[in-house]
$ cat upload19.txt   # compact mmCIF, C-alpha atoms
# COMPACT_ATOMS: atom_id res chain seq x y z
CA MET A 29 16.00 11.17 3.48
CA GLY A 30 15.26 14.05 5.90
CA ASN A 31 14.43 17.14 3.88
CA GLN A 32 16.52 16.07 0.93
CA ARG A 33 14.83 16.02 -2.48
CA VAL A 34 16.62 14.34 -5.35
CA THR A 35 15.81 12.83 -8.72
CA CYS A 36 16.90 9.46 -9.97
CA PRO A 37 16.39 7.93 -13.42
CA VAL A 38 15.03 4.39 -13.82
CA ARG A 39 17.55 1.94 -15.30
CA LEU A 40 15.73 -1.27 -16.20
CA THR A 41 18.82 -3.36 -16.96
CA ALA A 42 20.23 -2.58 -13.53
CA LEU A 43 16.89 -3.45 -11.94
CA VAL A 44 16.85 -6.92 -13.44
CA ALA A 45 20.47 -7.56 -12.59
CA VAL A 46 20.20 -6.64 -8.93
CA LEU A 47 16.66 -7.57 -7.99
CA VAL A 48 16.89 -11.26 -8.66
CA THR A 49 19.33 -14.06 -9.26
CA PRO A 50 18.41 -15.79 -12.55
CA VAL A 51 16.45 -19.02 -12.06
CA PRO A 52 17.62 -22.08 -14.00
CA PRO A 53 15.11 -22.43 -16.85
CA LEU A 54 14.30 -26.08 -16.23
CA MET A 55 13.79 -25.87 -12.44
CA ALA A 56 10.23 -27.14 -11.89
CA GLN A 57 7.77 -25.20 -9.79
CA ALA A 58 6.30 -27.00 -6.77
CA PRO A 59 2.58 -26.62 -5.92
CA PHE A 60 1.66 -23.56 -3.86
CA ASP A 61 -0.78 -23.86 -0.94
CA MET A 62 -2.72 -21.01 0.63
CA GLY A 63 -6.11 -21.17 2.31
CA THR A 64 -8.44 -23.35 0.26
CA ILE A 65 -6.05 -23.28 -2.73
CA ARG A 66 -3.52 -25.83 -3.85
CA CYS A 67 -2.20 -24.46 -7.11
CA ASP A 68 -0.08 -26.63 -9.42
CA GLN A 69 2.49 -25.26 -11.84
CA GLY A 70 1.22 -23.41 -14.88
CA ARG A 71 -2.19 -22.65 -13.36
CA ARG A 72 -4.28 -19.71 -12.21
CA CYS A 73 -6.28 -20.63 -9.07
CA ARG A 74 -8.98 -18.93 -7.02
CA GLY A 75 -10.06 -19.56 -3.46
CA HIS A 76 -10.32 -18.08 0.01
CA LEU A 77 -8.27 -17.56 3.13
CA GLU A 78 -10.52 -17.80 6.18
CA LEU A 79 -10.44 -15.85 9.40
CA SER A 80 -12.22 -18.21 11.78
CA ALA A 81 -15.17 -17.13 13.90
CA TYR A 82 -14.10 -15.94 17.34
CA ALA A 83 -16.10 -14.75 20.32
CA SER A 84 -19.03 -12.77 18.86
CA ASP A 85 -17.37 -12.28 15.44
CA SER A 86 -18.43 -14.37 12.44
CA ALA A 87 -15.88 -15.99 10.11
CA VAL A 88 -14.46 -13.80 7.33
CA GLN A 89 -13.46 -15.03 3.86
CA LEU A 90 -10.61 -13.22 2.07
CA PRO A 91 -10.78 -13.80 -1.73
CA ILE A 92 -7.38 -14.71 -3.19
CA THR A 93 -5.95 -15.64 -6.58
CA VAL A 94 -2.68 -17.53 -7.01
CA VAL A 95 -0.87 -17.52 -10.35
CA GLN A 96 1.63 -20.38 -10.26
CA GLY A 97 4.40 -20.38 -12.84
CA MET A 98 6.04 -23.26 -14.66
CA ARG A 99 9.46 -22.52 -13.16
CA ALA A 100 10.68 -21.68 -9.66
CA GLY A 101 11.19 -18.02 -8.86
CA PRO A 102 10.17 -15.20 -6.51
CA VAL A 103 6.91 -15.07 -4.58
CA LEU A 104 5.35 -11.68 -5.30
CA VAL A 105 2.45 -10.87 -2.94
CA VAL A 106 -0.05 -8.11 -3.77
CA THR A 107 -2.72 -7.03 -1.29
CA ALA A 108 -5.66 -4.67 -1.83
CA GLY A 109 -8.55 -3.41 0.26
CA ILE A 110 -6.72 -3.08 3.57
CA HIS A 111 -8.90 0.02 3.91
CA GLY A 112 -12.46 -0.79 2.91
CA SER A 113 -13.29 2.46 1.08
CA GLU A 114 -10.16 2.46 -1.10
CA TYR A 115 -11.73 1.05 -4.24
CA THR A 116 -9.21 1.53 -7.06
CA PRO A 117 -6.73 -0.98 -5.51
CA ILE A 118 -9.46 -3.63 -5.30
CA LEU A 119 -10.45 -3.11 -8.94
CA ALA A 120 -6.80 -3.18 -10.05
CA SER A 121 -6.24 -6.46 -8.20
CA GLN A 122 -9.24 -8.01 -9.97
CA ARG A 123 -7.77 -7.16 -13.36
CA LEU A 124 -4.19 -8.26 -12.80
CA PRO A 125 -4.35 -12.09 -12.61
CA ASN A 126 -5.70 -12.40 -16.16
CA LEU A 127 -2.78 -10.30 -17.43
CA ILE A 128 -0.19 -12.81 -16.11
CA ASP A 129 0.36 -15.95 -18.18
CA PRO A 130 1.19 -18.80 -15.77
CA ARG A 131 2.88 -20.74 -18.58
CA ALA A 132 5.43 -17.92 -18.98
CA LEU A 133 5.77 -17.15 -15.27
CA ALA A 134 8.81 -17.98 -13.16
CA GLY A 135 7.65 -18.01 -9.55
CA THR A 136 4.33 -17.24 -7.91
CA VAL A 137 2.10 -14.19 -7.73
CA VAL A 138 -0.47 -14.04 -4.92
CA PHE A 139 -3.33 -11.53 -4.94
CA VAL A 140 -5.46 -10.80 -1.88
CA HIS A 141 -8.28 -8.90 -3.56
CA LEU A 142 -10.19 -7.76 -0.49
CA ALA A 143 -8.15 -7.82 2.71
CA ASN A 144 -10.76 -6.21 4.95
CA PRO A 145 -14.31 -7.34 4.06
CA PRO A 146 -15.83 -6.06 7.34
CA SER A 147 -14.69 -2.53 6.50
CA PHE A 148 -15.55 -2.81 2.79
CA PHE A 149 -19.12 -3.97 3.32
CA GLY A 150 -19.50 -1.68 6.33
CA ARG A 151 -18.38 1.26 4.15
CA GLY A 152 -15.71 2.11 6.71
CA VAL A 153 -13.30 4.99 6.17
CA TYR A 154 -9.95 4.30 7.89
CA TYR A 155 -11.63 2.22 10.60
CA THR A 156 -13.32 -1.17 10.70
CA PRO A 157 -16.87 -0.39 11.90
CA SER A 158 -17.21 -3.35 14.27
CA ASP A 159 -14.17 -2.51 16.42
CA GLY A 160 -13.27 1.07 15.43
CA LYS A 161 -9.65 0.15 14.61
CA ASN A 162 -7.45 1.03 11.62
CA LEU A 163 -6.24 -2.30 10.21
CA ASN A 164 -3.16 -0.68 8.69
CA ARG A 165 -1.83 0.30 12.11
CA LEU A 166 -2.13 -3.12 13.75
CA PHE A 167 0.42 -5.43 12.12
CA PRO A 168 1.53 -8.08 12.90
CA GLY A 169 -1.71 -8.34 14.86
CA ARG A 170 -2.98 -10.62 17.61
CA ALA A 171 -4.46 -14.10 17.32
CA ASP A 172 -6.87 -13.41 20.18
CA GLY A 173 -7.68 -9.75 19.55
CA THR A 174 -10.49 -7.82 17.91
CA ILE A 175 -11.53 -8.63 14.36
CA SER A 176 -9.04 -6.09 12.91
CA GLU A 177 -6.19 -7.37 15.08
CA ARG A 178 -6.96 -10.96 14.05
CA LEU A 179 -7.14 -9.97 10.37
CA ALA A 180 -3.71 -8.36 10.72
CA PHE A 181 -2.38 -11.54 12.36
CA LEU A 182 -3.78 -13.74 9.58
CA ILE A 183 -2.53 -11.54 6.73
CA TYR A 184 0.92 -11.09 8.25
CA HIS A 185 1.57 -14.73 9.11
CA GLN A 186 -0.23 -16.46 6.22
CA VAL A 187 0.38 -13.98 3.40
CA ILE A 188 3.09 -11.36 3.95
CA ARG A 189 5.57 -13.80 5.50
CA ARG A 190 5.28 -15.99 2.37
CA ALA A 191 6.57 -13.16 0.15
CA THR A 192 10.00 -12.53 -1.27
CA ALA A 193 8.65 -9.18 -2.56
CA TYR A 194 5.50 -7.39 -1.37
CA ILE A 195 3.25 -4.68 -2.84
CA ASP A 196 0.32 -3.20 -0.90
CA LEU A 197 -2.14 -1.29 -3.09
CA HIS A 198 -3.75 1.80 -1.56
CA SER A 199 -5.48 5.02 -2.57
CA GLY A 200 -6.75 8.11 -0.86
CA ASP A 201 -9.63 6.90 1.27
CA ALA A 202 -13.18 8.10 0.59
CA ASN A 203 -12.39 11.28 2.55
CA GLU A 204 -9.01 12.14 0.99
CA ALA A 205 -7.76 13.94 -2.11
CA LEU A 206 -4.37 12.48 -3.03
CA ARG A 207 -1.48 12.93 -5.44
CA PRO A 208 -0.34 9.45 -6.66
CA TYR A 209 2.97 8.13 -5.34
CA VAL A 210 4.84 4.99 -4.31
CA GLY A 211 6.01 4.68 -0.71
CA LEU A 212 8.57 2.57 1.11
CA ASN A 213 10.38 2.29 4.45
CA LEU A 214 14.17 2.36 4.68
CA LEU A 215 15.63 -0.07 7.18
CA GLY A 216 19.32 0.82 6.86
CA ASP A 217 20.04 -2.64 5.43
CA SER A 218 21.05 -2.54 1.76
CA LEU A 219 19.87 -6.12 1.24
CA VAL A 220 16.31 -4.96 2.00
CA ASP A 221 16.41 -1.27 1.07
CA GLY A 222 18.09 -1.80 -2.30
CA PRO A 223 15.49 -4.18 -3.77
CA ALA A 224 12.63 -2.07 -2.34
CA GLN A 225 14.05 1.10 -3.92
CA ARG A 226 14.43 -0.64 -7.25
CA MET A 227 10.88 -1.98 -7.04
CA ALA A 228 9.71 1.59 -6.42
CA ALA A 229 11.68 2.81 -9.42
CA ALA A 230 10.22 0.06 -11.62
CA SER A 231 6.68 1.06 -10.59
CA GLY A 232 6.65 3.98 -13.00
CA PHE A 233 5.26 6.40 -10.39
CA GLU A 234 6.81 9.85 -10.70
CA VAL A 235 7.09 10.45 -6.95
CA ALA A 236 8.55 8.09 -4.35
CA VAL A 237 8.05 8.76 -0.63
CA HIS A 238 10.84 7.38 1.55
CA HIS A 239 10.31 6.90 5.29
CA THR A 240 13.54 6.25 7.21
CA LEU A 241 12.94 3.97 10.18
CA PRO A 242 14.44 5.19 13.45
CA ALA A 243 17.47 3.60 15.06
CA PRO A 244 17.32 1.52 17.13
CA LEU A 245 14.60 -0.23 15.17
CA PRO A 246 11.11 -0.21 16.69
CA PRO A 247 9.56 -3.50 17.83
CA LEU A 248 7.46 -5.36 15.31
CA ALA A 249 4.13 -4.24 16.76
CA THR A 250 1.24 -1.96 15.73
CA VAL A 251 2.70 -0.93 12.39
CA THR A 252 1.56 -0.86 8.75
CA THR A 253 1.60 -3.76 6.29
CA THR A 254 4.72 -2.56 4.50
CA ARG A 255 6.55 -1.60 7.68
CA SER A 256 5.88 -5.04 9.15
CA ALA A 257 7.28 -6.61 5.98
CA THR A 258 10.33 -4.33 6.03
CA LEU A 259 11.03 -5.10 9.69
CA SER A 260 10.84 -8.79 8.69
CA ARG A 261 13.40 -7.99 5.98
CA ILE A 262 11.00 -8.50 3.08
CA PRO A 263 11.36 -5.80 0.37
CA ALA A 264 8.02 -3.97 0.39
CA ILE A 265 6.40 -0.94 -1.23
CA ALA A 266 2.95 0.64 -1.28
CA PHE A 267 1.15 2.24 -4.21
CA GLU A 268 -1.15 5.22 -3.58
CA SER A 269 -3.40 6.04 -6.55
CA GLY A 270 -6.98 7.24 -6.32
CA GLU A 271 -9.10 9.48 -4.14
CA LEU A 272 -12.51 10.23 -2.66
CA GLY A 273 -14.03 6.83 -3.37
CA ARG A 274 -13.71 7.30 -7.15
CA THR A 275 -13.00 4.46 -9.57
CA ASP A 276 -11.48 6.38 -12.49
CA GLU A 277 -9.35 4.46 -14.97
CA ARG A 278 -6.58 7.06 -14.60
CA TYR A 279 -6.09 5.81 -11.03
CA ILE A 280 -6.47 2.07 -11.71
CA ASP A 281 -4.18 1.74 -14.72
CA PRO A 282 -0.98 3.03 -13.01
CA MET A 283 -1.34 0.33 -10.35
CA VAL A 284 -1.94 -2.40 -12.92
CA GLN A 285 1.04 -1.31 -14.99
CA GLY A 286 3.21 -0.82 -11.91
CA VAL A 287 2.68 -4.39 -10.69
CA LEU A 288 3.41 -5.81 -14.15
CA GLN A 289 6.57 -3.71 -14.45
CA ILE A 290 7.80 -4.89 -11.06
CA ALA A 291 7.12 -8.53 -11.97
CA HIS A 292 9.21 -7.98 -15.10
CA ALA A 293 12.01 -6.33 -13.11
CA LEU A 294 11.99 -9.23 -10.64
CA GLY A 295 12.87 -11.55 -13.52
CA MET A 296 9.58 -13.44 -13.37
CA GLY A 297 9.30 -13.77 -17.16
CA VAL A 298 6.05 -11.77 -17.41
CA GLY A 299 4.96 -8.16 -17.38
CA THR A 300 6.37 -5.18 -19.20
CA PRO A 301 9.59 -3.18 -18.99
CA ALA A 302 9.49 -0.07 -16.82
CA PRO A 303 9.41 3.22 -18.74
CA GLU A 304 12.32 5.64 -18.60
CA VAL A 305 11.11 8.18 -16.03
CA ARG A 306 12.80 10.54 -13.64
CA GLN A 307 11.46 9.72 -10.20
CA THR A 308 11.46 12.41 -7.52
CA VAL A 309 12.26 11.09 -4.04
CA VAL A 310 10.79 12.95 -1.08
CA ALA A 311 10.17 12.61 2.64
CA THR A 312 6.71 13.49 3.94
CA GLN A 313 5.07 14.33 7.22
CA SER A 314 1.39 14.27 8.14
CA VAL A 315 -0.07 17.34 9.82
CA LEU A 316 -2.63 16.17 12.39
CA ALA A 317 -5.84 17.78 13.61
CA PRO A 318 -5.54 19.05 17.19
CA VAL A 319 -9.33 18.93 17.72
CA SER A 320 -12.36 17.17 16.27
CA GLY A 321 -14.86 19.01 14.10
CA LEU A 322 -15.49 19.93 10.47
CA VAL A 323 -12.46 20.60 8.29
CA ARG A 324 -12.35 23.29 5.59
CA PRO A 325 -9.25 22.95 3.38
CA ARG A 326 -7.45 26.16 2.42
CA VAL A 327 -5.00 24.50 0.03
CA VAL A 328 -5.15 22.21 -3.02
CA LEU A 329 -3.09 19.20 -4.11
CA ASP A 330 0.46 19.93 -5.27
CA GLN A 331 0.31 23.44 -3.82
CA LEU A 332 3.61 24.72 -2.45
CA VAL A 333 3.14 26.15 1.04
CA ALA A 334 5.55 28.03 3.28
CA GLU A 335 6.05 27.41 6.98
CA GLY A 336 3.13 28.99 8.83
CA ASP A 337 0.76 29.09 5.86
CA PRO A 338 -2.83 27.98 6.63
CA LEU A 339 -3.68 24.44 5.52
CA ALA A 340 -7.26 24.21 6.83
CA ASP A 341 -9.75 25.57 9.32
CA ILE A 342 -11.52 23.28 11.75
CA THR A 343 -14.97 24.47 12.80
CA ASP A 344 -17.56 23.35 15.31
CA ALA A 345 -21.04 22.17 14.31
CA PHE A 346 -22.20 25.80 14.13
CA GLY A 347 -19.50 26.72 11.62
CA GLU A 348 -17.39 28.71 14.07
CA VAL A 349 -13.64 28.28 13.50
CA HIS A 350 -11.99 26.53 16.45
CA VAL A 351 -8.49 26.37 15.05
CA THR A 352 -6.53 27.10 11.88
CA VAL A 353 -4.04 24.35 11.12
CA ARG A 354 -0.80 25.71 9.66
CA ALA A 355 2.13 24.20 7.80
CA PRO A 356 4.96 23.29 10.20
CA PHE A 357 7.53 23.59 7.38
CA THR A 358 7.82 24.56 3.73
CA GLY A 359 6.59 21.77 1.48
CA ARG A 360 4.19 20.55 -1.19
CA VAL A 361 0.72 19.14 -0.48
CA MET A 362 0.62 15.38 -1.18
CA TYR A 363 -2.84 14.63 0.20
CA LEU A 364 -5.49 16.45 2.19
CA MET A 365 -8.73 15.82 4.02
CA ALA A 366 -11.41 16.77 1.49
CA THR A 367 -14.65 15.94 3.30
CA PRO A 368 -15.82 17.70 6.49
CA PRO A 369 -15.66 15.14 9.36
CA ILE A 370 -12.34 14.98 11.19
CA ARG A 371 -11.26 13.56 14.54
CA ALA A 372 -8.47 14.85 16.71
CA GLY A 373 -5.27 13.06 15.70
CA GLU A 374 -6.34 12.37 12.10
CA PRO A 375 -4.32 13.89 9.24
CA VAL A 376 -5.42 17.25 7.88
CA ALA A 377 -2.82 17.01 5.12
CA SER A 378 0.53 15.46 4.25
CA LEU A 379 3.41 17.65 3.11
CA ALA A 380 6.49 16.63 1.11
CA ARG A 381 9.52 18.49 2.38
CA ARG A 382 11.31 20.68 -0.13

$ encode --input "upload19.txt" --output "structure tokens"
Amino acid sequence: MGNQRVTCPVRLTALVAVLVTPVPPLMAQAPFDMGTIRCDQGRRCRGHLELSAYASDSAVQLPITVVQGMRAGPVLVVTAGIHGSEYTPILASQRLPNLIDPRALAGTVVFVHLANPPSFFGRGVYYTPSDGKNLNRLFPGRADGTISERLAFLIYHQVIRRATAYIDLHSGDANEALRPYVGLNLLGDSLVDGPAQRMAAASGFEVAVHHTLPAPLPPLATVTTTRSATLSRIPAIAFESGELGRTDERYIDPMVQGVLQIAHALGMGVGTPAPEVRQTVVATQSVLAPVSGLVRPRVVLDQLVAEGDPLADITDAFGEVHVTVRAPFTGRVMYLMATPPIRAGEPVASLARR
């Protein structure tokens, strides 16, 4: 989208018509297998997907719920907890399975409730403590890599590749203040981009962040969950709702409602219609710290800044300012680093272009 900013109204009838081809009502649903689960039609099943022990790493159990409908239909995959200190997505994913009636469902909904237990229990922010890597930059992963690389490999091959539509639930990490939005990557292929854009519209979020992938397309390596899905031509979006390790209902409920609205728009026979909203579409860019130190924000969320305006100061341990980070263009603050520690190369803030 470049620096273009437009608005687009949600049209639910168009969403249903284009997102999915109607499934014959009497087409039976086959059992769905994942990890320890074999889920028959009309059931809600719990189990685990295991990352096997490797080298010095112990085995890791990923908790999953499968809701298997009575009729054939899409496979909607929802992941949460890719980053261990993003708590609202995990809580939203716990709530959602009980809100989907498998007897009314056409298709399958898969929830991975906690995709990165080592980071969650290690209270990691961005990085998995045991290997210092950011799981959401490693997809599709490596079968023989570090624990984060092997988690990425497992989730990509055993979960994401099973999807016909994919939602990854995120929030501002425990160090970030964030304005809620839905994000997606644009491939330049209408068969992938169109459904993803309509999923984003059905989410009910007021702001959609579009990232246009470069041409020629990058290799499928060391990318995010949703970018790996998009490059595999699976329509994919990410929710961002929540900040600073908080678990407020005002951050959880939009994710719960957004998933249910997308399930409805996919023609899965469950969920709720999307509200009539005007969704603002923007492109964003992260502004990175040039040095490590302590960050002092000089802006607030949603603030409009001009090119050259100060975003934050970075100080040393004595409180002396090393550098003032400035806006590289005119835009609006979408998220910002709100706790002091910052490493060189980490985002100070993200700006939506005007």

$ axis_aligned_box --input "upload19.txt" --around "region 193-204 of chain A" --padding-each-side "5 Å" --output "AutoDock Vina command-line options"
--center_x -2.3 --center_y 1.5 --center_z -0.3 --size_x 31.8 --size_y 31.3 --size_z 15.6

$ atom_distance --input "upload19.txt" --atom1 "CA of Leu272 (chain A)" --atom2 "CA of Asn203 (chain A)"
5.3 Å

$ closest_residue --input "upload19.txt" --among "A:Thr275, A:Gln307, A:Ser147, A:Thr343" --to "Val319 (chain A)" --atoms "all atoms listed in the file"
A:Thr343

$ atom_distance --input "upload19.txt" --atom1 "CA of Arg354 (chain A)" --atom2 "CA of Ala366 (chain A)"
16.1 Å

$ closest_residue --input "upload19.txt" --among "A:Thr258, A:Gln57, A:Ser218, A:Ser121" --to "Ala191 (chain A)" --atoms "only C-alpha atoms"
A:Thr258

$ residues_around --input "upload19.txt" --residues "Thr253 (chain A)" --least-positions-apart "2" --cutoff "8 Å" --atoms "all atoms listed in the file" --output "number ranges by chain"
A: 164-165, 167-168, 184, 196, 251, 255-257

$ closest_residue --input "upload19.txt" --among "A:Ile118, A:Ser378, A:Leu259, A:Phe357" --to "Pro244 (chain A)" --atoms "all atoms listed in the file"
A:Leu259

$ residues_around --input "upload19.txt" --residues "Val351 (chain A)" --least-positions-apart "6" --cutoff "10 Å" --atoms "all atoms listed in the file" --output "list of chain:residue names"
A:Ala317, A:Pro318, A:Val319, A:Gly321, A:Val323, A:Ala340, A:Asp341, A:Ile342, A:Thr343, A:Asp344

$ atom_distance --input "upload19.txt" --atom1 "CA of Gln289 (chain A)" --atom2 "CA of Pro130 (chain A)"
16.1 Å

$ residues_around --input "upload19.txt" --residues "Gly273 (chain A)" --least-positions-apart "4" --cutoff "12 Å" --atoms "all atoms listed in the file" --output "number ranges by chain"
A: 111-119, 148, 151-153, 198-206, 269, 279, 366-367

$ closest_atom_pairs --input "upload19.txt" --of "region 67-105 of chain A" --to "region 133-143 of chain A" --cutoff "9 Å" --atoms "all atoms listed in the file" --output "CSV"
residue,atom,partner,partner_atom,distance
A:Gly70,CA,A:Leu133,CA,7.7
A:His76,CA,A:Val140,CA,9.0
A:Leu77,CA,A:Val140,CA,8.9
A:Leu90,CA,A:Ala143,CA,6.0
A:Pro91,CA,A:His141,CA,5.8
A:Ile92,CA,A:Val140,CA,4.5
A:Thr93,CA,A:Phe139,CA,5.1
A:Val94,CA,A:Val138,CA,4.6
A:Val95,CA,A:Val137,CA,5.2
A:Gln96,CA,A:Thr136,CA,4.8
A:Gly97,CA,A:Leu133,CA,4.3
A:Met98,CA,A:Leu133,CA,6.1
A:Arg99,CA,A:Ala134,CA,4.6
A:Ala100,CA,A:Gly135,CA,4.8
A:Gly101,CA,A:Gly135,CA,3.6
A:Pro102,CA,A:Gly135,CA,4.8
A:Val103,CA,A:Thr136,CA,4.7
A:Leu104,CA,A:Val137,CA,4.8
A:Val105,CA,A:Val138,CA,4.7

$ closest_residue --input "upload19.txt" --among "A:Gly297, A:Leu339, A:Thr156, A:Arg381" --to "His239 (chain A)" --atoms "only C-alpha atoms"
A:Arg381

$ closest_residue --input "upload19.txt" --among "A:Cys73, A:Val287, A:Leu214, A:Leu379" --to "Pro263 (chain A)" --atoms "all atoms listed in the file"
A:Leu214

$ closest_residue --input "upload19.txt" --among "A:Ile65, A:Leu124, A:Ala236, A:Leu332" --to "Thr308 (chain A)" --atoms "all atoms listed in the file"
A:Ala236

$ residues_around --input "upload19.txt" --residues "Val88 (chain A)" --least-positions-apart "2" --cutoff "7 Å" --atoms "all atoms listed in the file" --output "ChimeraX atom specification"
/A:78-80,86,90

$ write_last_selection --input "upload19.txt" --atoms "C-alpha atoms" --output "short mmCIF file (atom, residue, chain, number, x, y, z; two decimals), in the coordinates of the input"
data_model
loop_
_atom_site.label_atom_id
_atom_site.label_comp_id
_atom_site.auth_asym_id
_atom_site.auth_seq_id
_atom_site.Cartn_x
_atom_site.Cartn_y
_atom_site.Cartn_z
CA GLU A 78 -10.52 -17.80 6.18
CA LEU A 79 -10.44 -15.85 9.40
CA SER A 80 -12.22 -18.21 11.78
CA SER A 86 -18.43 -14.37 12.44
CA LEU A 90 -10.61 -13.22 2.07
#

$ residues_around --input "upload19.txt" --residues "Met362 (chain A)" --least-positions-apart "4" --cutoff "10 Å" --atoms "only C-alpha atoms" --output "VMD selection string"
chain A and resid 205 to 209 235 237 312 to 314 328 to 332 377 to 380

$ residues_near_point --input "upload19.txt" --point "(13.3, -7.0, -4.5)" --cutoff "8 Å" --atoms "all atoms listed in the file" --output "list in words"
Leu47, Val48, Thr192, Ala193, Val220, Gly222, Pro223, Ala224, Arg226, Met227, Pro263, Ala264 and Leu294 of chain A

$ write_last_selection --input "upload19.txt" --atoms "C-alpha atoms" --output "compact mmCIF listing (two decimals), in the frame of the given file"
# COMPACT_ATOMS: atom_id res chain seq x y z
CA LEU A 47 16.66 -7.57 -7.99
CA VAL A 48 16.89 -11.26 -8.66
CA THR A 192 10.00 -12.53 -1.27
CA ALA A 193 8.65 -9.18 -2.56
CA VAL A 220 16.31 -4.96 2.00
CA GLY A 222 18.09 -1.80 -2.30
CA PRO A 223 15.49 -4.18 -3.77
CA ALA A 224 12.63 -2.07 -2.34
CA ARG A 226 14.43 -0.64 -7.25
CA MET A 227 10.88 -1.98 -7.04
CA PRO A 263 11.36 -5.80 0.37
CA ALA A 264 8.02 -3.97 0.39
CA LEU A 294 11.99 -9.23 -10.64

$ residues_near_point --input "upload19.txt" --point "(-0.6, -0.4, -14.4)" --cutoff "12 Å" --atoms "only C-alpha atoms" --output "PyMOL selection string"
chain A and resi 116-117+119-121+123-124+127+197+230-233+267+269+277-291+299-303
